[in-house]
Amino acid sequence: MLKSLILVCVALAAGSWARNVDEWEALMLPSESAPTCHCGTPAFYAYLGGDVSLNAHAVIMFNVEETDTSNSYNILNGRFTAPVSGVYVFSFTIYSSLKSYVGAELIVNDVIKGEAFADSEEINDTHSASATIVVQMTAGQQAYVRRGLNSQSGMWSHASRGRSSFSGWLLR
């Protein structure tokens with residue numbers, strides 16, 4: 001309906017006045033070249049509700065879910081399951097604890113697809129690192145973030161100083 005109204009408004013603004021009902025209907029019918037709505041496109045955003053200590057290769061369970069349009073991210077196991085095949089974008093941000101360092105890896109279908117490393121070992125502060133990855137997935141495959149082997153401590157996550165987070169969405 002919205003597309004029909006937009007087409008009519010564009011036609012009127014361009015001075016294309018319809019002379020009869022058939023011409024109005026032609027303006028309102030979707031054309032094959034018109035962009036399609038991706039309503040219900042899979043997308044999620046979750047973050048850590050507080051600091052966590054993790055063993056090497058432990059899955060990071062971002063336990064506060066802000067957005068999940070397709071109910072595809074599981075806060076209990078930290079995994080996103082692709083509801084449809086396509087190209088997905090994933091982004092994650094990690095914060096190291098004070099005077100420490102931490103690494104994380106994005107895993108898709110049991111393969112490392114991206115990494116981030118935050119290092120504040122030499123100063124009494126926190127540092128962050130982020131990674132954004134574009135990857136092809138088939139329906140049913142899973143993506144998750146796990147702690148890397150090269151880590152000294154846990155991860156920091158606070159509302160006032162930055163949250164460790166994980167998000168993803170279907171690109172096409």
# chains A, B, ... in the order shown; residues from 1 in each chain; ligands from 1
call {"tool": "residues_around", "arguments": {"residues": "Ser130 (chain A)", "least_positions_apart": "2", "cutoff": "6 Å", "atoms": "only C-alpha atoms", "output": "list in words"}}
result
Phe92, Thr93 and Ala116 of chain A
call {"tool": "write_last_selection", "arguments": {"atoms": "all heavy atoms", "output": "compact mmCIF listing (two decimals), in the first residue's frame"}}
result
# COMPACT_ATOMS: atom_id res chain seq x y z
N PHE A 92 31.02 -7.88 16.33
CA PHE A 92 31.14 -8.05 17.78
C PHE A 92 32.19 -7.10 18.32
O PHE A 92 33.12 -6.71 17.63
CB PHE A 92 31.42 -9.52 18.16
CG PHE A 92 32.73 -10.07 17.70
CD1 PHE A 92 33.84 -10.06 18.54
CD2 PHE A 92 32.87 -10.63 16.44
CE1 PHE A 92 35.05 -10.60 18.12
CE2 PHE A 92 34.07 -11.17 16.02
CZ PHE A 92 35.17 -11.14 16.86
N THR A 93 31.98 -6.72 19.57
CA THR A 93 32.89 -5.83 20.29
C THR A 93 33.21 -6.48 21.62
O THR A 93 32.30 -6.98 22.30
CB THR A 93 32.25 -4.45 20.51
OG1 THR A 93 31.97 -3.86 19.24
CG2 THR A 93 33.17 -3.53 21.30
N ALA A 116 39.09 -10.58 17.06
CA ALA A 116 39.33 -9.27 17.66
C ALA A 116 40.19 -9.49 18.90
O ALA A 116 40.08 -10.52 19.57
CB ALA A 116 38.02 -8.58 18.02
call {"tool": "residues_around", "arguments": {"residues": "Arg146 (chain A)", "least_positions_apart": "4", "cutoff": "8 Å", "atoms": "only C-alpha atoms", "output": "mmCIF file with N, CA, C and O atoms, in the first residue's frame"}}
result
data_model
loop_
_atom_site.group_PDB
_atom_site.id
_atom_site.type_symbol
_atom_site.label_atom_id
_atom_site.label_comp_id
_atom_site.auth_asym_id
_atom_site.auth_seq_id
_atom_site.Cartn_x
_atom_site.Cartn_y
_atom_site.Cartn_z
ATOM 1 N N HIS A 57 38.386 -20.900 24.363
ATOM 2 C CA HIS A 57 37.403 -21.441 23.422
ATOM 3 C C HIS A 57 36.003 -21.611 24.014
ATOM 4 O O HIS A 57 35.156 -22.267 23.410
ATOM 5 N N ALA A 58 35.744 -21.007 25.159
ATOM 6 C CA ALA A 58 34.376 -21.023 25.710
ATOM 7 C C ALA A 58 33.500 -20.091 24.877
ATOM 8 O O ALA A 58 33.927 -18.998 24.493
ATOM 9 N N VAL A 59 32.293 -20.530 24.581
ATOM 10 C CA VAL A 59 31.344 -19.691 23.847
ATOM 11 C C VAL A 59 30.928 -18.544 24.758
ATOM 12 O O VAL A 59 30.614 -18.747 25.933
ATOM 13 N N ILE A 60 30.930 -17.336 24.205
ATOM 14 C CA ILE A 60 30.511 -16.158 24.966
ATOM 15 C C ILE A 60 29.000 -16.038 24.829
ATOM 16 O O ILE A 60 28.489 -15.894 23.720
ATOM 17 N N ALA A 104 38.867 -12.770 20.971
ATOM 18 C CA ALA A 104 37.614 -13.478 20.666
ATOM 19 C C ALA A 104 37.593 -13.807 19.183
ATOM 20 O O ALA A 104 38.219 -13.119 18.371
ATOM 21 N N GLU A 105 36.870 -14.854 18.850
ATOM 22 C CA GLU A 105 36.780 -15.329 17.477
ATOM 23 C C GLU A 105 35.317 -15.505 17.083
ATOM 24 O O GLU A 105 34.518 -15.993 17.884
ATOM 25 N N LEU A 106 34.991 -15.125 15.863
ATOM 26 C CA LEU A 106 33.672 -15.422 15.316
ATOM 27 C C LEU A 106 33.776 -16.772 14.618
ATOM 28 O O LEU A 106 34.630 -16.963 13.746
ATOM 29 N N ILE A 107 32.915 -17.685 15.002
ATOM 30 C CA ILE A 107 32.894 -19.027 14.438
ATOM 31 C C ILE A 107 31.598 -19.195 13.647
ATOM 32 O O ILE A 107 30.509 -18.918 14.164
#
call {"tool": "atom_distance", "arguments": {"atom1": "CA of Tyr88 (chain A)", "atom2": "CA of Val135 (chain A)"}}
result
5.4 Å
call {"tool": "closest_residue", "arguments": {"among": "A:Asn77, A:Thr67, A:Ser100, A:Ser157", "to": "Tyr144 (chain A)", "atoms": "only C-alpha atoms"}}
result
A:Asn77
call {"tool": "residues_around", "arguments": {"residues": "Thr81 (chain A)", "least_positions_apart": "5", "cutoff": "8 Å", "atoms": "only C-alpha atoms", "output": "list in words"}}
result
Ser72, Tyr73, Ala139, Gly140, Gln141, Gln142 and Ala143 of chain A
call {"tool": "write_last_selection", "arguments": {"atoms": "all heavy atoms", "output": "compact mmCIF listing (two decimals), in the first residue's frame"}}
result
# COMPACT_ATOMS: atom_id res chain seq x y z
N SER A 72 16.20 -16.01 16.37
CA SER A 72 17.28 -16.88 15.90
C SER A 72 18.52 -16.86 16.78
O SER A 72 19.42 -17.66 16.59
CB SER A 72 17.68 -16.48 14.47
OG SER A 72 16.58 -16.62 13.61
N TYR A 73 18.59 -15.91 17.73
CA TYR A 73 19.73 -15.86 18.64
C TYR A 73 19.28 -16.46 19.96
O TYR A 73 18.22 -16.12 20.50
CB TYR A 73 20.24 -14.44 18.87
CG TYR A 73 21.39 -14.41 19.85
CD1 TYR A 73 22.65 -14.83 19.47
CD2 TYR A 73 21.19 -14.03 21.17
CE1 TYR A 73 23.70 -14.85 20.37
CE2 TYR A 73 22.23 -14.05 22.08
CZ TYR A 73 23.48 -14.46 21.68
OH TYR A 73 24.51 -14.49 22.58
N ALA A 139 20.70 -22.07 5.63
CA ALA A 139 19.73 -22.20 6.72
C ALA A 139 20.16 -23.33 7.65
O ALA A 139 20.55 -24.41 7.20
CB ALA A 139 18.34 -22.46 6.16
N GLY A 140 20.12 -23.05 8.95
CA GLY A 140 20.49 -24.04 9.95
C GLY A 140 21.92 -23.94 10.44
O GLY A 140 22.24 -24.48 11.51
N GLN A 141 22.79 -23.27 9.70
CA GLN A 141 24.16 -23.10 10.18
C GLN A 141 24.17 -22.12 11.35
O GLN A 141 23.30 -21.28 11.48
CB GLN A 141 25.08 -22.59 9.07
CG GLN A 141 25.39 -23.64 8.03
CD GLN A 141 26.40 -23.14 7.01
OE1 GLN A 141 26.45 -21.97 6.68
NE2 GLN A 141 27.21 -24.07 6.49
N GLN A 142 25.20 -22.26 12.21
CA GLN A 142 25.28 -21.43 13.40
C GLN A 142 26.51 -20.53 13.38
O GLN A 142 27.54 -20.88 12.83
CB GLN A 142 25.30 -22.30 14.65
CG GLN A 142 24.01 -23.05 14.85
CD GLN A 142 23.98 -23.77 16.18
OE1 GLN A 142 24.99 -24.17 16.73
NE2 GLN A 142 22.77 -23.92 16.72
N ALA A 143 26.35 -19.36 14.03
CA ALA A 143 27.45 -18.42 14.22
C ALA A 143 27.49 -18.06 15.71
O ALA A 143 26.43 -17.92 16.34
CB ALA A 143 27.24 -17.17 13.38
call {"tool": "select_by_dssp", "arguments": {"residues": "region 47-129 of chain A", "states": "strand (DSSP E or B)", "output": "NGL selection string"}}
result
:A and (47 or 52 or 59 or 64-68 or 73-74 or 79-81 or 86-96 or 101-108 or 111-119 or 128-129)
call {"tool": "residues_around", "arguments": {"residues": "Arg163 (chain A)", "least_positions_apart": "2", "cutoff": "7 Å", "atoms": "only C-alpha atoms", "output": "list in words"}}
result
Tyr47, Leu48, Ser157, His158, Ala159 and Ser165 of chain A
call {"tool": "closest_residue", "arguments": {"among": "A:Thr69, A:Pro42, A:Val145, A:Gly114", "to": "Leu171 (chain A)", "atoms": "only C-alpha atoms"}}
result
A:Pro42
call {"tool": "closest_residue", "arguments": {"among": "A:Ile133, A:Gly78, A:Ser128, A:Ile94", "to": "Ile112 (chain A)", "atoms": "only C-alpha atoms"}}
result
A:Ile133
call {"tool": "atom_distance", "arguments": {"atom1": "CA of Phe90 (chain A)", "atom2": "CA of Asn150 (chain A)"}}
result
21.6 Å
call {"tool": "closest_residue", "arguments": {"among": "A:Thr41, A:Ser85, A:Asn55, A:Ser91", "to": "Asn71 (chain A)", "atoms": "only C-alpha atoms"}}
result
A:Thr41
